Amino acid sequence: MHITRYTDYSLRVLIYLAVQGDRLATIQEIADSYDISKNHLMKVVHQLNKKGYIETIRGKKGGMRLHRSPSDISIGILVRETEQDLSIVECFSSKNACKITPVCGLKSMFGEALKAFLEVLDKYTLADVIQEQHRPQLLRLLQIA
């Protein structure tokens with residue numbers, strides 16, 4: 001299984017905001033913390049705001065913070081909402097051109113694997129990811145003051 005960079009960055013933004021608490025953070029801060037492009041994060045942050053995961057405040061002293069409690073943010077739902085295509089093999093796609101699809105067992109096997117993958121992620125929330133006992137280490141690693 002593979003998730004896109006977009007989903008990876010969405011998770012990273014949410015982790016950063018969860019660890020740093022109620023303080024407002026900027027896109028630049030998060031980009032610097034993970035050493036990733038601010039431009040990549042702008043689209044991610046916009047969508048996370050649109051979907052209600054974060055709230056953004058404009059202005060000179062603006063920034064963003066979580067809009068929901070970490071325990072209310074399901075990793076499985078987030079992955080479903082940020083992955084544009086969970087078609088792990090061609091036969092899942094509407095553009096399937098594989099000639100053996102009608103008699104091939106791979107589609108059902110990969111379908112079962114995808115279902116299991118998402119069911120595991122559904123068991124976890126953002127709170128599980130940040131685990132309170134690791135918060136001091138996360139603050140240090142992300143260089144959050």
# chains A, B, ... in the order shown; residues from 1 in each chain; ligands from 1
$ closest_atom_pairs --of "stretch 86-136 of chain A" --to "stretch 53-70 of chain A" --cutoff "8 Å" --atoms "only C-alpha atoms" --output "JSON lines"
{"residue": "A:Thr125", "atom": "CA", "partner": "A:Pro70", "partner_atom": "CA", "distance": 6.6}
{"residue": "A:Leu126", "atom": "CA", "partner": "A:Pro70", "partner_atom": "CA", "distance": 4.8}
{"residue": "A:Ala127", "atom": "CA", "partner": "A:Pro70", "partner_atom": "CA", "distance": 4.7}
$ write_last_selection --atoms "N, CA and C atoms" --output "mmCIF file, in the first residue's frame"
data_model
loop_
_atom_site.group_PDB
_atom_site.id
_atom_site.type_symbol
_atom_site.label_atom_id
_atom_site.label_comp_id
_atom_site.auth_asym_id
_atom_site.auth_seq_id
_atom_site.Cartn_x
_atom_site.Cartn_y
_atom_site.Cartn_z
ATOM 1 N N THR A 125 -6.738 7.344 15.817
ATOM 2 C CA THR A 125 -7.002 8.779 15.692
ATOM 3 C C THR A 125 -5.675 9.521 15.741
ATOM 4 N N LEU A 126 -5.749 10.821 15.519
ATOM 5 C CA LEU A 126 -4.553 11.656 15.615
ATOM 6 C C LEU A 126 -3.957 11.583 17.022
ATOM 7 N N ALA A 127 -4.799 11.438 18.031
ATOM 8 C CA ALA A 127 -4.303 11.308 19.405
ATOM 9 C C ALA A 127 -3.421 10.071 19.549
#
$ select_by_dssp --residues "chain A" --states "helix (DSSP H, G or I)" --output "ChimeraX atom specification"
/A:5-20,27-34,38-50,70-72,75-82,90-92,101-103,106-122,126-130,132-141
$ select_by_dssp --residues "stretch 53-134 of chain A" --states "strand (DSSP E or B)" --output "PyMOL selection string"
chain A and resi 54-57+63-66+74+125
$ residues_around --residues "A:Glu81" --least-positions-apart "3" --cutoff "9 Å" --atoms "only C-alpha atoms" --output "ChimeraX atom specification"
/A:7,51,76-78,84
$ residues_around --residues "A:Val13" --least-positions-apart "3" --cutoff "8 Å" --atoms "only C-alpha atoms" --output "PyMOL selection string"
chain A and resi 9-10+16-17+30+45
$ write_last_selection --atoms "C-alpha atoms" --output "PDB file, in the first residue's frame"
ATOM      1  CA  TYR A   9       1.804  16.169   4.246  1.00  0.00           C
ATOM      2  CA  SER A  10      -1.787  16.364   5.505  1.00  0.00           C
ATOM      3  CA  TYR A  16       2.439  19.463  14.074  1.00  0.00           C
ATOM      4  CA  LEU A  17      -0.709  21.327  15.087  1.00  0.00           C
ATOM      5  CA  ILE A  30       5.554  23.830   9.504  1.00  0.00           C
ATOM      6  CA  VAL A  45      -3.622  23.527   4.413  1.00  0.00           C
TER       7      VAL A  45
END
$ closest_residue --among "A:Arg80, A:Lys38, A:Lys43, A:Arg135" --to "A:Glu119" --atoms "only C-alpha atoms"
A:Arg80
$ residues_around --residues "A:Phe92" --least-positions-apart "4" --cutoff "10 Å" --atoms "only C-alpha atoms" --output "list in words"
Asp85, Leu86, Ser87, Ile88, Asn96, Thr101, Lys107, Ser108, Phe110 and Gly111 of chain A
$ atom_distance --atom1 "atom CA of A:Tyr6" --atom2 "atom CA of A:Asn39"
11.9 Å
$ closest_residue --among "A:Ile73, A:His40, A:Gln143, A:Ile27" --to "A:Asp122" --atoms "only C-alpha atoms"
A:Ile73
$ closest_residue --among "A:Ala31, A:Val89, A:Met1, A:Ile15" --to "A:Asp128" --atoms "only C-alpha atoms"
A:Ile15
$ closest_residue --among "A:Gln20, A:Gln47, A:Thr26, A:Ser94" --to "A:Thr82" --atoms "only C-alpha atoms"
A:Gln47
$ residues_around --residues "A:Ser33" --least-positions-apart "4" --cutoff "9 Å" --atoms "only C-alpha atoms" --output "PDB file with all heavy atoms, in the first residue's frame"
ATOM      1  N   TYR A  16       1.789  18.237  13.590  1.00  0.00           N
ATOM      2  CA  TYR A  16       2.439  19.463  14.074  1.00  0.00           C
ATOM      3  C   TYR A  16       1.465  20.287  14.916  1.00  0.00           C
ATOM      4  O   TYR A  16       1.787  20.708  16.025  1.00  0.00           O
ATOM      5  CB  TYR A  16       2.954  20.287  12.890  1.00  0.00           C
ATOM      6  CG  TYR A  16       3.757  21.491  13.301  1.00  0.00           C
ATOM      7  CD1 TYR A  16       5.145  21.434  13.343  1.00  0.00           C
ATOM      8  CD2 TYR A  16       3.145  22.688  13.647  1.00  0.00           C
ATOM      9  CE1 TYR A  16       5.897  22.538  13.722  1.00  0.00           C
ATOM     10  CE2 TYR A  16       3.884  23.791  14.036  1.00  0.00           C
ATOM     11  CZ  TYR A  16       5.258  23.711  14.069  1.00  0.00           C
ATOM     12  OH  TYR A  16       6.001  24.813  14.447  1.00  0.00           O
ATOM     13  N   GLN A  28       4.800  28.501   6.965  1.00  0.00           N
ATOM     14  CA  GLN A  28       6.263  28.569   6.895  1.00  0.00           C
ATOM     15  C   GLN A  28       6.911  27.811   8.050  1.00  0.00           C
ATOM     16  O   GLN A  28       7.877  27.086   7.858  1.00  0.00           O
ATOM     17  CB  GLN A  28       6.737  30.021   6.888  1.00  0.00           C
ATOM     18  CG  GLN A  28       8.228  30.156   6.612  1.00  0.00           C
ATOM     19  CD  GLN A  28       8.595  29.663   5.221  1.00  0.00           C
ATOM     20  OE1 GLN A  28       8.108  30.175   4.226  1.00  0.00           O
ATOM     21  NE2 GLN A  28       9.451  28.653   5.144  1.00  0.00           N
ATOM     22  N   GLU A  29       6.364  27.978   9.246  1.00  0.00           N
ATOM     23  CA  GLU A  29       6.864  27.267  10.427  1.00  0.00           C
ATOM     24  C   GLU A  29       6.844  25.754  10.211  1.00  0.00           C
ATOM     25  O   GLU A  29       7.801  25.052  10.526  1.00  0.00           O
ATOM     26  CB  GLU A  29       5.911  27.553  11.593  1.00  0.00           C
ATOM     27  CG  GLU A  29       6.450  28.262  12.766  1.00  0.00           C
ATOM     28  CD  GLU A  29       5.309  28.497  13.756  1.00  0.00           C
ATOM     29  OE1 GLU A  29       4.992  27.557  14.525  1.00  0.00           O
ATOM     30  OE2 GLU A  29       4.755  29.598  13.755  1.00  0.00           O
ATOM     31  N   LEU A 141      11.911  17.395  18.299  1.00  0.00           N
ATOM     32  CA  LEU A 141      12.226  17.015  16.927  1.00  0.00           C
ATOM     33  C   LEU A 141      11.654  17.988  15.900  1.00  0.00           C
ATOM     34  O   LEU A 141      12.261  18.247  14.864  1.00  0.00           O
ATOM     35  CB  LEU A 141      11.712  15.594  16.644  1.00  0.00           C
ATOM     36  CG  LEU A 141      12.445  14.481  17.375  1.00  0.00           C
ATOM     37  CD1 LEU A 141      11.673  13.176  17.258  1.00  0.00           C
ATOM     38  CD2 LEU A 141      13.868  14.334  16.840  1.00  0.00           C
ATOM     39  N   LEU A 142      10.474  18.521  16.195  1.00  0.00           N
ATOM     40  CA  LEU A 142       9.848  19.481  15.278  1.00  0.00           C
ATOM     41  C   LEU A 142      10.285  20.913  15.554  1.00  0.00           C
ATOM     42  O   LEU A 142       9.866  21.839  14.879  1.00  0.00           O
ATOM     43  CB  LEU A 142       8.320  19.370  15.363  1.00  0.00           C
ATOM     44  CG  LEU A 142       7.739  18.059  14.850  1.00  0.00           C
ATOM     45  CD1 LEU A 142       6.255  17.970  15.157  1.00  0.00           C
ATOM     46  CD2 LEU A 142       7.977  17.922  13.353  1.00  0.00           C
ATOM     47  N   GLN A 143      11.129  21.086  16.563  1.00  0.00           N
ATOM     48  CA  GLN A 143      11.670  22.388  16.942  1.00  0.00           C
ATOM     49  C   GLN A 143      10.564  23.394  17.246  1.00  0.00           C
ATOM     50  O   GLN A 143      10.579  24.527  16.775  1.00  0.00           O
ATOM     51  CB  GLN A 143      12.605  22.919  15.854  1.00  0.00           C
ATOM     52  CG  GLN A 143      13.765  21.986  15.608  1.00  0.00           C
ATOM     53  CD  GLN A 143      14.602  22.380  14.419  1.00  0.00           C
ATOM     54  OE1 GLN A 143      14.260  23.259  13.648  1.00  0.00           O
ATOM     55  NE2 GLN A 143      15.729  21.712  14.264  1.00  0.00           N
ATOM     56  N   ILE A 144       9.595  22.937  18.033  1.00  0.00           N
ATOM     57  CA  ILE A 144       8.495  23.795  18.452  1.00  0.00           C
ATOM     58  C   ILE A 144       8.857  24.356  19.816  1.00  0.00           C
ATOM     59  O   ILE A 144       9.130  23.605  20.755  1.00  0.00           O
ATOM     60  CB  ILE A 144       7.161  23.002  18.527  1.00  0.00           C
ATOM     61  CG1 ILE A 144       6.816  22.429  17.146  1.00  0.00           C
ATOM     62  CG2 ILE A 144       6.053  23.885  19.047  1.00  0.00           C
ATOM     63  CD1 ILE A 144       5.619  21.488  17.156  1.00  0.00           C
TER      64      ILE A 144
END
$ atom_distance --atom1 "atom CA of A:Gln131" --atom2 "atom CA of A:Ala18"
10.3 Å
$ decode --residues "stretch 52-102 of chain A" --atoms "N, CA and C atoms" --output "short mmCIF file (atom, residue, chain, number, x, y, z; two decimals), in the first residue's frame"
data_model
loop_
_atom_site.label_atom_id
_atom_site.label_comp_id
_atom_site.auth_asym_id
_atom_site.auth_seq_id
_atom_site.Cartn_x
_atom_site.Cartn_y
_atom_site.Cartn_z
N GLY A 52 -12.61 21.12 7.50
CA GLY A 52 -12.90 21.32 8.92
C GLY A 52 -11.90 20.71 9.89
N TYR A 53 -10.76 20.26 9.40
CA TYR A 53 -9.74 19.71 10.29
C TYR A 53 -9.00 20.82 11.04
N ILE A 54 -8.79 21.93 10.37
CA ILE A 54 -8.08 23.04 10.99
C ILE A 54 -8.88 24.32 10.82
N GLU A 55 -8.54 25.31 11.61
CA GLU A 55 -9.12 26.63 11.42
C GLU A 55 -7.96 27.58 11.13
N THR A 56 -8.19 28.51 10.24
CA THR A 56 -7.16 29.47 9.89
C THR A 56 -7.64 30.87 10.29
N ILE A 57 -6.67 31.67 10.72
CA ILE A 57 -6.95 33.04 11.10
C ILE A 57 -6.04 33.92 10.27
N ARG A 58 -6.65 34.85 9.56
CA ARG A 58 -5.89 35.73 8.68
C ARG A 58 -5.32 36.90 9.46
N GLY A 59 -4.38 37.58 8.82
CA GLY A 59 -3.83 38.79 9.39
C GLY A 59 -2.39 38.62 9.86
N LYS A 60 -1.85 39.73 10.34
CA LYS A 60 -0.45 39.78 10.74
C LYS A 60 -0.13 38.76 11.84
N LYS A 61 -1.03 38.59 12.77
CA LYS A 61 -0.81 37.63 13.86
C LYS A 61 -1.61 36.35 13.63
N GLY A 62 -1.93 36.07 12.38
CA GLY A 62 -2.74 34.92 12.03
C GLY A 62 -1.93 33.63 11.99
N GLY A 63 -2.63 32.59 11.63
CA GLY A 63 -2.02 31.27 11.53
C GLY A 63 -3.10 30.22 11.51
N MET A 64 -2.77 29.05 11.98
CA MET A 64 -3.75 27.96 11.99
C MET A 64 -3.58 27.12 13.24
N ARG A 65 -4.63 26.37 13.56
CA ARG A 65 -4.61 25.42 14.67
C ARG A 65 -5.67 24.37 14.37
N LEU A 66 -5.64 23.29 15.12
CA LEU A 66 -6.65 22.25 14.94
C LEU A 66 -8.03 22.80 15.24
N HIS A 67 -9.00 22.37 14.45
CA HIS A 67 -10.39 22.77 14.68
C HIS A 67 -11.13 21.71 15.50
N ARG A 68 -10.55 20.52 15.56
CA ARG A 68 -11.14 19.40 16.31
C ARG A 68 -10.09 18.85 17.27
N SER A 69 -10.55 18.14 18.24
CA SER A 69 -9.66 17.46 19.17
C SER A 69 -8.93 16.35 18.41
N PRO A 70 -7.65 16.10 18.72
CA PRO A 70 -6.93 14.99 18.07
C PRO A 70 -7.66 13.65 18.18
N SER A 71 -8.39 13.45 19.26
CA SER A 71 -9.11 12.18 19.43
C SER A 71 -10.34 12.08 18.54
N ASP A 72 -10.74 13.19 17.92
CA ASP A 72 -11.88 13.21 17.00
C ASP A 72 -11.47 13.15 15.54
N ILE A 73 -10.17 13.02 15.28
CA ILE A 73 -9.68 12.99 13.90
C ILE A 73 -9.25 11.56 13.57
N SER A 74 -10.07 10.87 12.79
CA SER A 74 -9.82 9.49 12.38
C SER A 74 -8.78 9.45 11.26
N ILE A 75 -7.76 8.63 11.45
CA ILE A 75 -6.73 8.49 10.41
C ILE A 75 -7.33 7.84 9.16
N GLY A 76 -8.20 6.86 9.33
CA GLY A 76 -8.83 6.20 8.19
C GLY A 76 -9.66 7.16 7.35
N ILE A 77 -10.44 7.98 8.01
CA ILE A 77 -11.27 8.96 7.27
C ILE A 77 -10.39 9.97 6.57
N LEU A 78 -9.36 10.45 7.26
CA LEU A 78 -8.45 11.41 6.65
C LEU A 78 -7.82 10.83 5.38
N VAL A 79 -7.35 9.60 5.46
CA VAL A 79 -6.73 8.97 4.28
C VAL A 79 -7.75 8.85 3.15
N ARG A 80 -8.96 8.45 3.44
CA ARG A 80 -9.99 8.37 2.39
C ARG A 80 -10.26 9.74 1.76
N GLU A 81 -10.24 10.79 2.60
CA GLU A 81 -10.55 12.14 2.10
C GLU A 81 -9.39 12.78 1.35
N THR A 82 -8.18 12.34 1.60
CA THR A 82 -7.03 12.99 0.95
C THR A 82 -6.47 12.19 -0.22
N GLU A 83 -6.74 10.91 -0.25
CA GLU A 83 -6.29 10.09 -1.38
C GLU A 83 -7.30 10.23 -2.51
N GLN A 84 -6.85 10.69 -3.66
CA GLN A 84 -7.76 10.87 -4.79
C GLN A 84 -8.08 9.56 -5.48
N ASP A 85 -7.18 8.61 -5.37
CA ASP A 85 -7.39 7.35 -6.10
C ASP A 85 -6.85 6.20 -5.28
N LEU A 86 -7.73 5.40 -4.74
CA LEU A 86 -7.31 4.22 -3.98
C LEU A 86 -7.30 2.97 -4.87
N SER A 87 -7.27 3.18 -6.18
CA SER A 87 -7.20 2.05 -7.11
C SER A 87 -5.78 1.50 -7.12
N ILE A 88 -5.55 0.46 -6.36
CA ILE A 88 -4.19 -0.05 -6.26
C ILE A 88 -3.79 -0.93 -7.44
N VAL A 89 -4.76 -1.35 -8.21
CA VAL A 89 -4.49 -2.05 -9.47
C VAL A 89 -5.44 -1.49 -10.53
N GLU A 90 -5.07 -1.63 -11.77
CA GLU A 90 -5.83 -1.05 -12.88
C GLU A 90 -7.29 -1.46 -12.90
N CYS A 91 -7.57 -2.70 -12.52
CA CYS A 91 -8.95 -3.19 -12.62
C CYS A 91 -9.91 -2.51 -11.64
N PHE A 92 -9.40 -1.72 -10.68
CA PHE A 92 -10.25 -0.93 -9.79
C PHE A 92 -10.70 0.36 -10.47
N SER A 93 -10.00 0.73 -11.52
CA SER A 93 -10.22 2.01 -12.18
C SER A 93 -11.34 1.94 -13.21
N SER A 94 -11.97 3.09 -13.43
CA SER A 94 -13.00 3.17 -14.48
C SER A 94 -12.37 3.09 -15.87
N LYS A 95 -11.05 3.28 -15.92
CA LYS A 95 -10.32 3.22 -17.20
C LYS A 95 -9.65 1.86 -17.39
N ASN A 96 -10.17 0.84 -16.75
CA ASN A 96 -9.61 -0.49 -16.82
C ASN A 96 -9.61 -1.02 -18.25
N ALA A 97 -8.43 -1.40 -18.73
CA ALA A 97 -8.31 -1.96 -20.07
C ALA A 97 -7.74 -3.38 -20.03
N CYS A 98 -7.62 -3.93 -18.84
CA CYS A 98 -7.04 -5.27 -18.70
C CYS A 98 -8.02 -6.32 -19.24
N LYS A 99 -7.56 -7.13 -20.14
CA LYS A 99 -8.41 -8.11 -20.81
C LYS A 99 -8.81 -9.29 -19.92
N ILE A 100 -8.04 -9.55 -18.88
CA ILE A 100 -8.33 -10.73 -18.06
C ILE A 100 -9.17 -10.43 -16.81
N THR A 101 -9.58 -9.18 -16.65
CA THR A 101 -10.34 -8.79 -15.46
C THR A 101 -11.53 -9.72 -15.17
N PRO A 102 -12.32 -10.13 -16.16
CA PRO A 102 -13.49 -10.96 -15.84
C PRO A 102 -13.15 -12.30 -15.18
#
